[in-house]
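A short worksheet on the structure shown next.
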Amino acid sequence: MGQPLVSELLRDHLQELANRDERADGRTQWQGRDLSVEIGVLERAEGSAKVVMGDTIVYAGIKFQLQTPYPDRPDEGGLMTSAELRPLAGRHHEPGPPSPLSIEMGRVVDRGIRESGCINTKDLCIIPGEKVWQVIIDCFAISDDGNMFDAFALAAIAALQNSTLPGERFDVGEDRPLPVNKTPIMCSFQKVGGRFVYDANREEEVGGDERIHITLGEGDHVHSLQKGLKGVFSASEFAEIMDAAKVRCAELRKIVDSL
Amino acid sequence: MGQPLVSELLRDHLQELANRDERADGRTQWQGRDLSVEIGVLERAEGSAKVVMGDTIVYAGIKFQLQTPYPDRPDEGGLMTSAELRPLAGRHHEPGPPSPLSIEMGRVVDRGIRESGCINTKDLCIIPGEKVWQVIIDCFAISDDGNMFDAFALAAIAALQNSTLPGERFDVGEDRPLPVNKTPIMCSFQKVGGRFVYDANREEEVGGDERIHITLGEGDHVHSLQKGLKGVFSASEFAEIMDAAKVRCAELRKIVDSL
Amino acid sequence: MGQPLVSELLRDHLQELANRDERADGRTQWQGRDLSVEIGVLERAEGSAKVVMGDTIVYAGIKFQLQTPYPDRPDEGGLMTSAELRPLAGRHHEPGPPSPLSIEMGRVVDRGIRESGCINTKDLCIIPGEKVWQVIIDCFAISDDGNMFDAFALAAIAALQNSTLPGERFDVGEDRPLPVNKTPIMCSFQKVGGRFVYDANREEEVGGDERIHITLGEGDHVHSLQKGLKGVFSASEFAEIMDAAKVRCAELRKIVDSL
Amino acid sequence: MGGYGDIQMIDENGVRVDGRKAGDLRPIEIELGVVPVADGSASMRWGTNYVIAAVYGPMEAHPRKIQRQERAVLDVRYNMAPFSTTDRFRPGFNRRSREISKVTADALESVVQLELFPRSKIRVEIEVICAEAGTRCVGLTAASLALADAGIPMSDMVVSVASGKVNDVVVCDLNKEEDNYGEADLPMGILPNSGELVFLQMDGDLSPAEFQEAWDYNMAAAMNVHEIMKEAIAKKYGGES
Amino acid sequence: MGGYGDIQMIDENGVRVDGRKAGDLRPIEIELGVVPVADGSASMRWGTNYVIAAVYGPMEAHPRKIQRQERAVLDVRYNMAPFSTTDRFRPGFNRRSREISKVTADALESVVQLELFPRSKIRVEIEVICAEAGTRCVGLTAASLALADAGIPMSDMVVSVASGKVNDVVVCDLNKEEDNYGEADLPMGILPNSGELVFLQMDGDLSPAEFQEAWDYNMAAAMNVHEIMKEAIAKKYGGES
Amino acid sequence: MGGYGDIQMIDENGVRVDGRKAGDLRPIEIELGVVPVADGSASMRWGTNYVIAAVYGPMEAHPRKIQRQERAVLDVRYNMAPFSTTDRFRPGFNRRSREISKVTADALESVVQLELFPRSKIRVEIEVICAEAGTRCVGLTAASLALADAGIPMSDMVVSVASGKVNDVVVCDLNKEEDNYGEADLPMGILPNSGELVFLQMDGDLSPAEFQEAWDYNMAAAMNVHEIMKEAIAKKYGGES
């Protein structure tokens with residue numbers, strides 16, 4: 001039962017930092033951690049990416065399967081996103097069935113991809129009514145030092161944009177690149193010490209309050225939003241992080257598009 | 001570990017009442033609570049009923065699905081009954097997989113319906129060997145103040161008798177009423193303070209012993225029996241509740257048949 | 001938390017016995033318990049055996065099912081082994097999903113059978129690409145006084161060698177004996193008091209360390225090995241138990257082949 | 001109850017498919033102590049049924065939250081072995097087995113003197129090795145034998161048997177075909193010394209008169225089975241049989 | 001969002017398939033106390049949606065490991081009844097329900113004064129009896145009514161509503177067709193007294209201007225729904241409506 | 001072992017499909033500290049295998065019922081990432097992973113000095129990121145490196161390698177085709193300093209002489225792998241390599 005106490009100390013510490021407009025690791029309010037994105041890193045996947053954001057490390061791997069289309073959408077393939085936070089990735093990750101958090105992560109990443117329309121499911125059709133591709137995005141955590149949402153989302157879109165439909169292995173034509181039309185980018189904000197910051201690390205997550213995930217596309221179109229955790233926020237706070245998201249999403253989109 | 005003590009006090013209290021031929025809520029031994037039965041209450045179900053017995057409230061909803069018949073019974077449809085006691089319905093109902101009690105309820109209600117032959121499974125045939133209807137009866141608790149068995153069974157038969165085979169939605173012909181040939185009625189008795197009473201409320205269930213469920217059809221034919229919980233009873237006790245059941249089942253059948 | 005203490009006392013006792021080259025029940029190091037093997041004991045199985053080794057009692061039952069072959073092996077049937085250690089068989093067996101130990105048992109018994117090639121899966125073909133037999137070996141514990149591995153493996157091969165493919169019941173031709181080409185035999189050894197012994201009883205299992213399972217075929221060919229539990233052993237210790245296994249496997253093979 | 005009235009299961013002389021008359025029981029054999037590592041055990045062959053029951057305890061009840069201050073808890077499991085049925089019975093969760101475990105526990109709790117063993121647990125394990133019909137009855141009866149073999153005090157034995165109706169005839173102790181194709185099934189758990197009941201189920205269609213006839217068959221059969229049980233106990237433990 | 005822009009859901013006069021104008025809410029009816037055995041309860045009919053919420057507690061939090069020294073824990077479940085949808089909704093584990101339960105709990109924890117009930121638990125149960133569209137919004141709103149009915153202190157009520165975009169028109173309070181075939185969905189949970197938010201999701205495609213329009217619809221709708229809620233509470237408990 | 005003797009996997013010059021001779025190992029690369037948030041970690045590339053192992057602890061063992069008064073408990077998990085195999089590997093319960101976790105734990109418990117950390121827990125997590133053949137061997141070896149990186153005292157390292165038989169030739173360190181279509185597989189877990197074993201499995205068909213040859217290959221290979229491991233440790237922590 002000592003946990004809440006420790007957490008109070010941490011919260012107080014983060015509050016003091018926020019009062020001085022500082023963060024525990026020296027960053028400014030809207031500054032992200034050092035970032036690297038590599039693609040083509042998984043030999044067995046048809047597309048892959050590794051994202052390192054500070055001490056947060058994740059993979060995304062793309063696999064394809066054949067499936068029968070739904071009768072009411074005979075010329076459309078499918079898309080599935082799964083996020084795994086196995087106990088490898090951190091002291092606080094428990095073994096067992098998928099945690100509510102990892103289910104939420106998978107769904108939030110999935111929505112950003114899906115709702116942006118970056119995958120036209122009609123591009124996944126092989127034989128209408130008979131055979132279509134299912135795209136499976138597996139997000140996999142290696143080291144969780146906070147903000148897995150953005151790391152997963154970034155790895156997912158980078159891996160998608162560099163993946164190959166394995167026609168030959170499945171005997172349905174030649175291999176060809178998966179068409180990806182857009183580059184949806186997620187930016188996540190957490191309330192820490194009473195104000196929102198971008199790209200919270202694990203310490204800020206533990207001592208923080210609600211988080212808000214924003215996925216933007218070209219022209220700052222909004223594709224997905226999600227508020228997580230307990231917390232109240234005002235319309236003006238939201239307007240402020242939306243502005244920060246517009247700036248950062250554009251930067252990240254440039255990185256992904258240049259891979 | 002105080003629970004058994006409280007329960008002993010309650011048992012003593014109920015014993016004293018029984019000694020005076022009384023019940024906690026003023027009813028006589030074979031008297032039921034105030035009853036109302038409404039049909040057609042669920043917009044998304046093909047048949048439905050709401051039963052209120054005192055503070056006990058339940059719904060039953062009928063849904064139909066197409067299925068392939070079993071090879072050895074090519075012209076017969078199927079029947080499935082499920083009873084859900086979700087935590088909504090009472091402080092003592094725990095979340096999680098179906099409790100042993102709710103499994104028992106589903107099976108006891110199912111048996112009464114099934115064994116009475118009120119549904120002729122051959123009436124559910126669409127194309128022999130290819131397509132038959134499956135009838136699904138979903139019993140759902142809103143408020144559990146005791147004797148869910150009878151409430152579920154009554155809602156189930158009332159909903160069945162007023163349901164429509166959705167031929168048009170499934171593209172297998174016109175909508176038509178589900179043929180229901182009989183009106184099986186369940187009456188449940190619980191031993192409280194050393195004697196059986198009809199329609200026990202929650203307090204009597206907690207402080208009582210074994211319960212006996214009797215489903216009767218026309219001509220007092222017996223279709224289903226079930227003794228639940230720990231307890232010993234004699235042949236003469238059984239004869240007594242069987243007589244009470246005959247009277248009450250006839251009354252309830254009249255109500256259901258008049259809906 | 002007293003358990004480790006009791007276990008230490010037992011370990012000390014077994015160590016003293018080992019120092020004097022003795023065992024708790026009077027056997028010598030490589031001596032098995034009294035053994036009986038009966039076949040044809042289960043009316044509903046297509047092949048069956050009961051093995052009694054001291055107070056250890058098990059059944060194996062063989063059942064067959066039709067299945068569609070795998071596309072890449074159109075003329076081969078399947079083989080599945082399951083081992084059940086239900087709470088009937090001992091005070092220490094807990095209810096619930098299969099324990100890690102019972103999963104390991106199933107897999108070790110399965111491997112010995114499978115890897116020996118005693119079943120030629122092509123003998124299970126009925127119509128290439130369409131219908132093949134699946135052989136299911138169900139090992140079932142009645143009384144666990146130790147060394148269930150050997151009891152299950154012995155019952156499994158004895159039941160297999162005396163089973164009948166139920167062609168008539170499944171309408172795919174006449175009944176005929178299942179062809180079994182070899183007689184793989186498992187011998188298990190446990191380190192107790194610092195040395196390995198053959199056919200450990202339950203007391204020796206509780207107070208012992210690692211166990212090693214050896215399955216041999218004709219000509220002392222090795223078909224399967226498995227080391228279980230924590231423990232270190234040397235190459236020379238292994239050579240010693242391999243020699244003991246060769247002797248005992250030959251004896252047991254004679255018993256099985258004579259049934 | 002399948003209710004397939006058109007299958008002939010009793011001939012013109014009142015002889016059933018297995019050669020019995022309406023009121024006859026199937027052959028019964030009992031063995032005690034069949035699970036040597038258990039505190040008590042029994043097997044019953046009853047027709048082609050073969051059921052083994054074992055008892056462990058009284059033992060410490062853990063986890064502690066299941067403990068009851070004033071009595072023992074009874075933990076009963078009924079299960080079908082995978083090779084007990086013509087089609088393999090797949091292991092794992094099973095609603096039918098759960099329900100039978102529950103009604104069996106309810107019946108046994110009515111006779112076992114649980115209050116003699118506060119805070120402890122008694123485990124009763126029932127395994128159907130070969131199933132014909134009426135396995136729940138055989139399992140309950142075998143369990144009461146295993147409890148006796150374990151020396152657990154009971155107010156009475158429990159004897160369970162199922163009569164029913166086939167081809168409009170009420171018959172005693174349904175066999176497999178009669179259970180599958182008959183029109184009614186009435187299993188009861190009877191205390192042979194008092195004639196009282198601790199277990200009762202029924203499925204199908206019985207007129208009031210037929211119901212009484214099936215009830216009476218069960219009562220009479222229970223007395224006969226009880227004699228066989230007493231012999232088996234006397235054979236192992238001595239005493240008048 | 002299906003994004004099926006070719007289905008006509010708004011006619012040339014700006015009238016939606018259910019007859020509403022772009023900014024209109026569906027009809028709403030509230031009843032308190034519909035679960036007599038609960039400590040508080042409420043039902044909402046909202047269009048064809050019918051949702052019941054019940055509250056139990058504050059009660060002892062057990063097992064003890066879930067207890068929090070300094071506040072109550074809030075245990076929220078959202079579930080769809082099997083007959084709530086056109087195709088039967090299969091009971092059992094469901095990722096969507098889990099996620100909605102979580103976001104609903106997060107929203108309610110932001111207003112319920114949990115620190116008044118240390119070491120205790122408050123259970124909130126939401127059952128969708130009939131689903132149209134926006135069940136998560138109706139469930140969250142009904143839950144805050146049930147909490148009020150149970151007398152649990154809250155800093156504000158929560159009113160939740162989802163606006164969105166269909167046929168390139170931004171509309172208030174999406175109905176079923178609009179939810180299935182529209183181009184965007186923006187559900188929000190709003191505190192009517194402060195105008196702050198405790199719940200926010202969004203799916204689809206909205207330009208910055210469209211986003212602002214949908215946001216404003218939700219804010220205005222929340223105020224209207226709040227009036228209906230206050231009336232229902234006043235009707236049961238008196239006070240100015 | 002598939003036992004498909006008709007597939008040619010060694011040519012007339014004794015060269016294997018990947019160019020190796022019978023006694024050669026695949027290329028191996030080791031990196032320590034690849035999971036920055038863990039107390040110790042290591043990755044191994046071994047042929048096309050890529051495996052990451054991380055260690056957390058010693059930490060408090062909870063729930064308390066898993067605690068051991070006199071030693072630490074070792075909690076080992078082996079898992080295949082969904083993209084580690086040609087066909088996607090579906091997450092969730094898996095008997096093979098459970099069994100490999102268990103034999104890996106048994107092997108590590110034989111060397112980790114658990115008695116130094118009474119009442120605590122040490123977690124060992126093994127994730128197969130890319131699978132070729134012999135992942136259980138690579139996982140066990142990587143785990144012992146991660147334990148070393150975490151500073152957990154061990155009586156010896158564990159080096160694991162699998163030799164076997166293909167086309168009737170005994171070969172060292174089976175690759176994927178050899179593992180799929182070969183006639184025997186003998187994985188062993190070897191303590192390089194004492195030459196003793198802590199892990200042993202075998203499947204297939206080996207004559208006594210072939211068995212000895214495979215055994216000897218494993219022993220020699222373990223010594224070579226151990227040199228690479230010592231270099232990796234020395235590179236991070238200094239000391240003689």
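Order determines the names: the first chain of the structure tokens is A, the second B, and so forth; residues in each chain are numbered 1 upward, and ligands are numbered 1 upward as they are shown.
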
Based on the backbone DSSP call, show me all residues of segment 93-204 of chain E assigned alpha helix (DSSP H), as a PyMOL selection string. chain E and resi 95-109+135-149+176-181

Based on only C-alpha atoms, which of the residues in chain A come within 8 Å of chain F? I want them as a list of chain:residue names.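 Taking only C-alpha atoms into account, A:Leu42, A:Glu43, A:Arg44, A:Ala45, A:Asp55, A:Ile57, A:Gly61, A:Ile62, A:Lys63, A:Pro87, A:Leu88, A:Ala89, A:Gly90, A:Arg91, A:Pro97, A:Asp138, A:Phe140, A:Ile142, A:Ser143, A:Asp144, A:Asp145 sit within 8 Å of chain F.
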
Mind checking which residues fall within 8 Å of Arg26 of chain E, counting only C-alpha atoms, ignoring those fewer than 4 positions away in the same chain, and posting them as a ChimeraX atom specification? /E:20,46-47,173

Near Lys131 of chain C, counting only C-alpha atoms, which residues have an atom at most 9 Å away, once you skip same-chain residues fewer than 4 positions from it, shown as a PyMOL selection string? chain C and resi 66-69+74-75+77+125-127

Same residues, N, CA, C and O atoms, saved as a PDB file, in the first residue's frame:
```
ATOM      1  N   LEU C  66     -12.199 -39.031 -38.203  1.00  0.00           N
ATOM      2  CA  LEU C  66     -11.866 -38.707 -39.591  1.00  0.00           C
ATOM      3  C   LEU C  66     -11.430 -37.257 -39.657  1.00  0.00           C
ATOM      4  O   LEU C  66     -11.966 -36.405 -38.961  1.00  0.00           O
ATOM      5  N   GLN C  67     -10.451 -36.972 -40.489  1.00  0.00           N
ATOM      6  CA  GLN C  67     -10.122 -35.566 -40.740  1.00  0.00           C
ATOM      7  C   GLN C  67      -9.643 -35.391 -42.174  1.00  0.00           C
ATOM      8  O   GLN C  67      -9.359 -36.357 -42.886  1.00  0.00           O
ATOM      9  N   THR C  68      -9.594 -34.130 -42.591  1.00  0.00           N
ATOM     10  CA  THR C  68      -9.050 -33.785 -43.901  1.00  0.00           C
ATOM     11  C   THR C  68      -7.541 -33.669 -43.760  1.00  0.00           C
ATOM     12  O   THR C  68      -7.077 -33.030 -42.818  1.00  0.00           O
ATOM     13  N   PRO C  69      -6.765 -34.282 -44.657  1.00  0.00           N
ATOM     14  CA  PRO C  69      -5.313 -34.193 -44.490  1.00  0.00           C
ATOM     15  C   PRO C  69      -4.812 -32.785 -44.764  1.00  0.00           C
ATOM     16  O   PRO C  69      -5.485 -31.980 -45.396  1.00  0.00           O
ATOM     17  N   PRO C  74      -1.025 -34.946 -48.364  1.00  0.00           N
ATOM     18  CA  PRO C  74      -2.397 -35.380 -48.650  1.00  0.00           C
ATOM     19  C   PRO C  74      -2.678 -36.849 -48.310  1.00  0.00           C
ATOM     20  O   PRO C  74      -3.837 -37.232 -48.203  1.00  0.00           O
ATOM     21  N   ASP C  75      -1.609 -37.654 -48.160  1.00  0.00           N
ATOM     22  CA  ASP C  75      -1.852 -39.077 -47.902  1.00  0.00           C
ATOM     23  C   ASP C  75      -1.426 -39.493 -46.506  1.00  0.00           C
ATOM     24  O   ASP C  75      -1.154 -40.662 -46.254  1.00  0.00           O
ATOM     25  N   GLY C  77      -2.240 -39.448 -42.259  1.00  0.00           N
ATOM     26  CA  GLY C  77      -3.152 -39.205 -41.153  1.00  0.00           C
ATOM     27  C   GLY C  77      -2.456 -38.470 -40.024  1.00  0.00           C
ATOM     28  O   GLY C  77      -1.309 -38.050 -40.158  1.00  0.00           O
ATOM     29  N   CYS C 125      -4.232 -43.271 -44.296  1.00  0.00           N
ATOM     30  CA  CYS C 125      -4.907 -42.613 -45.408  1.00  0.00           C
ATOM     31  C   CYS C 125      -6.125 -43.430 -45.854  1.00  0.00           C
ATOM     32  O   CYS C 125      -6.049 -44.650 -45.974  1.00  0.00           O
ATOM     33  N   ILE C 126      -7.244 -42.782 -46.078  1.00  0.00           N
ATOM     34  CA  ILE C 126      -8.435 -43.458 -46.600  1.00  0.00           C
ATOM     35  C   ILE C 126      -8.624 -43.037 -48.061  1.00  0.00           C
ATOM     36  O   ILE C 126      -8.582 -43.863 -48.957  1.00  0.00           O
ATOM     37  N   ILE C 127      -8.807 -41.750 -48.298  1.00  0.00           N
ATOM     38  CA  ILE C 127      -8.854 -41.210 -49.666  1.00  0.00           C
ATOM     39  C   ILE C 127      -7.858 -40.050 -49.711  1.00  0.00           C
ATOM     40  O   ILE C 127      -8.064 -39.041 -49.020  1.00  0.00           O
TER      41      ILE C 127
END
```

Polymer residues at most 8 Å from segment 243-245 of chain C, only C-alpha atoms, same-chain spacing of 4 or more positions, as a ChimeraX atom specification: /C:30,187,214,216,239,249

For N, CA and C atoms, I'd like the residues from the last selection saved as a PDB file, in the first residue's frame.
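Writing done, so here's selection_23.pdb:
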```pdb
ATOM      1  N   TRP C  30      18.144 -49.918  -9.954  1.00  0.00           N
ATOM      2  CA  TRP C  30      17.555 -50.017 -11.291  1.00  0.00           C
ATOM      3  C   TRP C  30      16.307 -50.898 -11.322  1.00  0.00           C
ATOM      4  N   CYS C 187      11.849 -45.346 -20.538  1.00  0.00           N
ATOM      5  CA  CYS C 187      12.295 -45.587 -19.167  1.00  0.00           C
ATOM      6  C   CYS C 187      12.698 -44.254 -18.556  1.00  0.00           C
ATOM      7  N   ILE C 214      13.996 -41.550 -21.304  1.00  0.00           N
ATOM      8  CA  ILE C 214      14.675 -42.103 -22.476  1.00  0.00           C
ATOM      9  C   ILE C 214      13.714 -43.039 -23.197  1.00  0.00           C
ATOM     10  N   LEU C 216      13.601 -45.750 -26.173  1.00  0.00           N
ATOM     11  CA  LEU C 216      14.445 -46.534 -27.074  1.00  0.00           C
ATOM     12  C   LEU C 216      13.590 -47.438 -27.954  1.00  0.00           C
ATOM     13  N   ALA C 239      25.606 -41.722 -19.237  1.00  0.00           N
ATOM     14  CA  ALA C 239      25.988 -43.000 -19.851  1.00  0.00           C
ATOM     15  C   ALA C 239      25.484 -44.170 -19.001  1.00  0.00           C
ATOM     16  N   CYS C 249      14.306 -51.444 -21.178  1.00  0.00           N
ATOM     17  CA  CYS C 249      13.439 -51.278 -22.343  1.00  0.00           C
ATOM     18  C   CYS C 249      13.252 -52.610 -23.058  1.00  0.00           C
TER      19      CYS C 249
END
```

Considering only strand (DSSP E) as DSSP defines it on the backbone, what residues of segment 4-86 of chain E qualify? List them as a ChimeraX atom specification. /E:28-32,40-46,49-60,73-80

Take the residues just selected and output them with N, CA and C atoms as a CSV table (one decimal), in the first residue's frame.
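To be explicit, this is the file written out as result.csv:
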```csv
chain,number,residue,atom,x,y,z
E,28,ILE,N,-35.5,12.1,-26.1
E,28,ILE,CA,-34.9,11.5,-25.0
E,28,ILE,C,-35.9,11.4,-23.8
E,29,GLU,N,-35.9,10.2,-23.2
E,29,GLU,CA,-36.7,10.0,-22.0
E,29,GLU,C,-35.9,9.4,-20.9
E,30,ILE,N,-36.1,9.9,-19.7
E,30,ILE,CA,-35.3,9.4,-18.5
E,30,ILE,C,-36.2,8.9,-17.4
E,31,GLU,N,-35.8,7.8,-16.8
E,31,GLU,CA,-36.5,7.3,-15.6
E,31,GLU,C,-35.5,6.9,-14.6
E,32,LEU,N,-35.8,7.3,-13.4
E,32,LEU,CA,-34.9,7.0,-12.3
E,32,LEU,C,-35.4,5.8,-11.5
E,40,GLY,N,-28.8,2.9,-6.6
E,40,GLY,CA,-29.3,4.0,-7.5
E,40,GLY,C,-29.4,3.5,-8.9
E,41,SER,N,-30.3,4.0,-9.7
E,41,SER,CA,-30.4,3.5,-11.1
E,41,SER,C,-31.1,4.5,-12.0
E,42,ALA,N,-30.9,4.3,-13.3
E,42,ALA,CA,-31.6,5.2,-14.2
E,42,ALA,C,-31.6,4.5,-15.6
E,43,SER,N,-32.7,4.8,-16.3
E,43,SER,CA,-32.7,4.3,-17.7
E,43,SER,C,-32.9,5.5,-18.6
E,44,MET,N,-32.3,5.4,-19.8
E,44,MET,CA,-32.5,6.4,-20.8
E,44,MET,C,-33.0,5.8,-22.1
E,45,ARG,N,-34.0,6.3,-22.6
E,45,ARG,CA,-34.4,6.1,-24.0
E,45,ARG,C,-33.9,7.3,-24.8
E,46,TRP,N,-33.1,7.0,-25.8
E,46,TRP,CA,-32.5,8.1,-26.6
E,46,TRP,C,-32.6,7.7,-28.0
E,49,ASN,N,-32.3,3.9,-28.8
E,49,ASN,CA,-31.4,3.3,-27.7
E,49,ASN,C,-32.3,3.2,-26.4
E,50,TYR,N,-32.0,2.0,-25.7
E,50,TYR,CA,-32.6,1.9,-24.4
E,50,TYR,C,-31.5,1.3,-23.5
E,51,VAL,N,-31.0,2.1,-22.5
E,51,VAL,CA,-29.9,1.8,-21.7
E,51,VAL,C,-30.3,1.9,-20.2
E,52,ILE,N,-29.9,0.9,-19.4
E,52,ILE,CA,-30.1,0.9,-18.0
E,52,ILE,C,-28.8,1.0,-17.3
E,53,ALA,N,-28.7,1.9,-16.3
E,53,ALA,CA,-27.5,1.9,-15.5
E,53,ALA,C,-27.9,1.8,-14.0
E,54,ALA,N,-27.0,1.0,-13.3
E,54,ALA,CA,-27.3,0.8,-11.8
E,54,ALA,C,-26.0,1.0,-11.1
E,55,VAL,N,-26.1,1.5,-9.8
E,55,VAL,CA,-25.0,1.8,-9.0
E,55,VAL,C,-25.2,1.0,-7.7
E,56,TYR,N,-24.1,0.3,-7.3
E,56,TYR,CA,-24.1,-0.4,-6.0
E,56,TYR,C,-22.9,0.2,-5.2
E,57,GLY,N,-23.2,0.6,-4.0
E,57,GLY,CA,-22.1,1.1,-3.1
E,57,GLY,C,-22.4,2.5,-2.7
E,58,PRO,N,-21.4,3.1,-2.0
E,58,PRO,CA,-20.1,2.6,-1.6
E,58,PRO,C,-20.2,1.4,-0.7
E,59,MET,N,-19.4,0.4,-1.0
E,59,MET,CA,-19.3,-0.9,-0.3
E,59,MET,C,-17.9,-1.2,0.0
E,60,GLU,N,-17.7,-2.3,0.8
E,60,GLU,CA,-16.3,-2.7,1.1
E,60,GLU,C,-15.6,-3.2,-0.2
E,73,VAL,N,-12.5,3.0,-5.1
E,73,VAL,CA,-12.3,2.5,-6.5
E,73,VAL,C,-13.6,2.5,-7.2
E,74,LEU,N,-13.6,2.8,-8.5
E,74,LEU,CA,-14.8,2.8,-9.3
E,74,LEU,C,-14.7,1.7,-10.2
E,75,ASP,N,-15.7,0.8,-10.2
E,75,ASP,CA,-15.7,-0.4,-11.0
E,75,ASP,C,-16.8,-0.3,-12.0
E,76,VAL,N,-16.5,-0.1,-13.3
E,76,VAL,CA,-17.5,0.3,-14.3
E,76,VAL,C,-17.5,-0.8,-15.3
E,77,ARG,N,-18.7,-1.3,-15.6
E,77,ARG,CA,-18.9,-2.3,-16.7
E,77,ARG,C,-19.9,-1.8,-17.7
E,78,TYR,N,-19.6,-1.8,-19.0
E,78,TYR,CA,-20.5,-1.5,-20.0
E,78,TYR,C,-20.7,-2.8,-20.8
E,79,ASN,N,-22.0,-3.2,-21.1
E,79,ASN,CA,-22.2,-4.4,-21.7
E,79,ASN,C,-23.5,-4.3,-22.6
E,80,MET,N,-23.4,-5.1,-23.7
E,80,MET,CA,-24.6,-5.1,-24.6
E,80,MET,C,-25.4,-6.4,-24.3
```

Using only C-alpha atoms, which residues sit within 8 Å of Leu14 of chain B once same-chain residues fewer than 5 positions away are excluded, as a list in words?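 Counting only C-alpha atoms, the residues come to Arg23, Ala24, Val192, Gly193, Glu204 and Gly207 of chain B.
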
Restrict the selected residues to N, CA, C and O atoms and save them as a short mmCIF file (atom, residue, chain, number, x, y, z; two decimals), in the first residue's frame.
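Printed below is part03.cif as written:
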```
data_model
loop_
_atom_site.label_atom_id
_atom_site.label_comp_id
_atom_site.auth_asym_id
_atom_site.auth_seq_id
_atom_site.Cartn_x
_atom_site.Cartn_y
_atom_site.Cartn_z
N ARG B 23 -44.92 -15.19 6.62
CA ARG B 23 -43.73 -14.92 5.82
C ARG B 23 -43.30 -13.46 6.02
O ARG B 23 -44.12 -12.62 6.42
N ALA B 24 -42.05 -13.17 5.71
CA ALA B 24 -41.47 -11.87 6.04
C ALA B 24 -42.23 -10.72 5.39
O ALA B 24 -42.37 -9.64 5.95
N VAL B 192 -38.09 -22.86 3.60
CA VAL B 192 -37.74 -21.71 4.43
C VAL B 192 -38.32 -21.98 5.82
O VAL B 192 -39.50 -22.24 5.95
N GLY B 193 -37.46 -21.94 6.82
CA GLY B 193 -37.93 -22.20 8.19
C GLY B 193 -38.55 -23.59 8.30
O GLY B 193 -39.51 -23.79 9.04
N GLU B 204 -35.73 -14.77 1.58
CA GLU B 204 -36.06 -16.18 1.87
C GLU B 204 -35.05 -17.12 1.20
O GLU B 204 -34.73 -18.18 1.73
N GLY B 207 -31.87 -17.11 3.40
CA GLY B 207 -32.05 -17.80 4.67
C GLY B 207 -32.72 -19.15 4.54
O GLY B 207 -33.10 -19.75 5.54
#
```

Taken to one decimal, the atom CA of Asp171 of chain A-atom CA of Asp72 of chain C distance is 14.4 Å

Name all residues at most 9 Å from Gln161 of chain A (count only C-alpha atoms; drop same-chain ones fewer than 5 positions away) and give them as a list of chain:residue names.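 Counting only C-alpha atoms, the residues come to A:Gly47, A:Ala156, A:Pro177, A:Leu178, A:Pro179, A:Val180, A:Asn181, A:Thr183, A:Val256, A:Asp257, A:Leu259.
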
I'd like a table as a Markdown table: residues in segment 133-222 of chain D with an atom no more than 12 Å from segment 108-121 of chain B, each row giving the shortest atom pair and its distance in Å to one decimal, only C-alpha atoms counted, sorted by chain and rising residue number.
```
| residue | atom | partner | partner_atom | distance |
| --- | --- | --- | --- | --- |
| D:Gly182 | CA | B:Glu115 | CA | 11.7 |
| D:Glu183 | CA | B:Glu115 | CA | 9.0 |
| D:Ala184 | CA | B:Glu115 | CA | 8.6 |
| D:Asp185 | CA | B:Glu115 | CA | 10.5 |
| D:Gln201 | CA | B:Val108 | CA | 9.6 |
| D:Met202 | CA | B:Arg111 | CA | 9.0 |
| D:Asp203 | CA | B:Glu115 | CA | 6.0 |
| D:Gly204 | CA | B:Glu115 | CA | 4.7 |
| D:Asp205 | CA | B:Ser116 | CA | 6.7 |
| D:Leu206 | CA | B:Ser116 | CA | 10.1 |
| D:Ser207 | CA | B:Ser116 | CA | 11.9 |
```
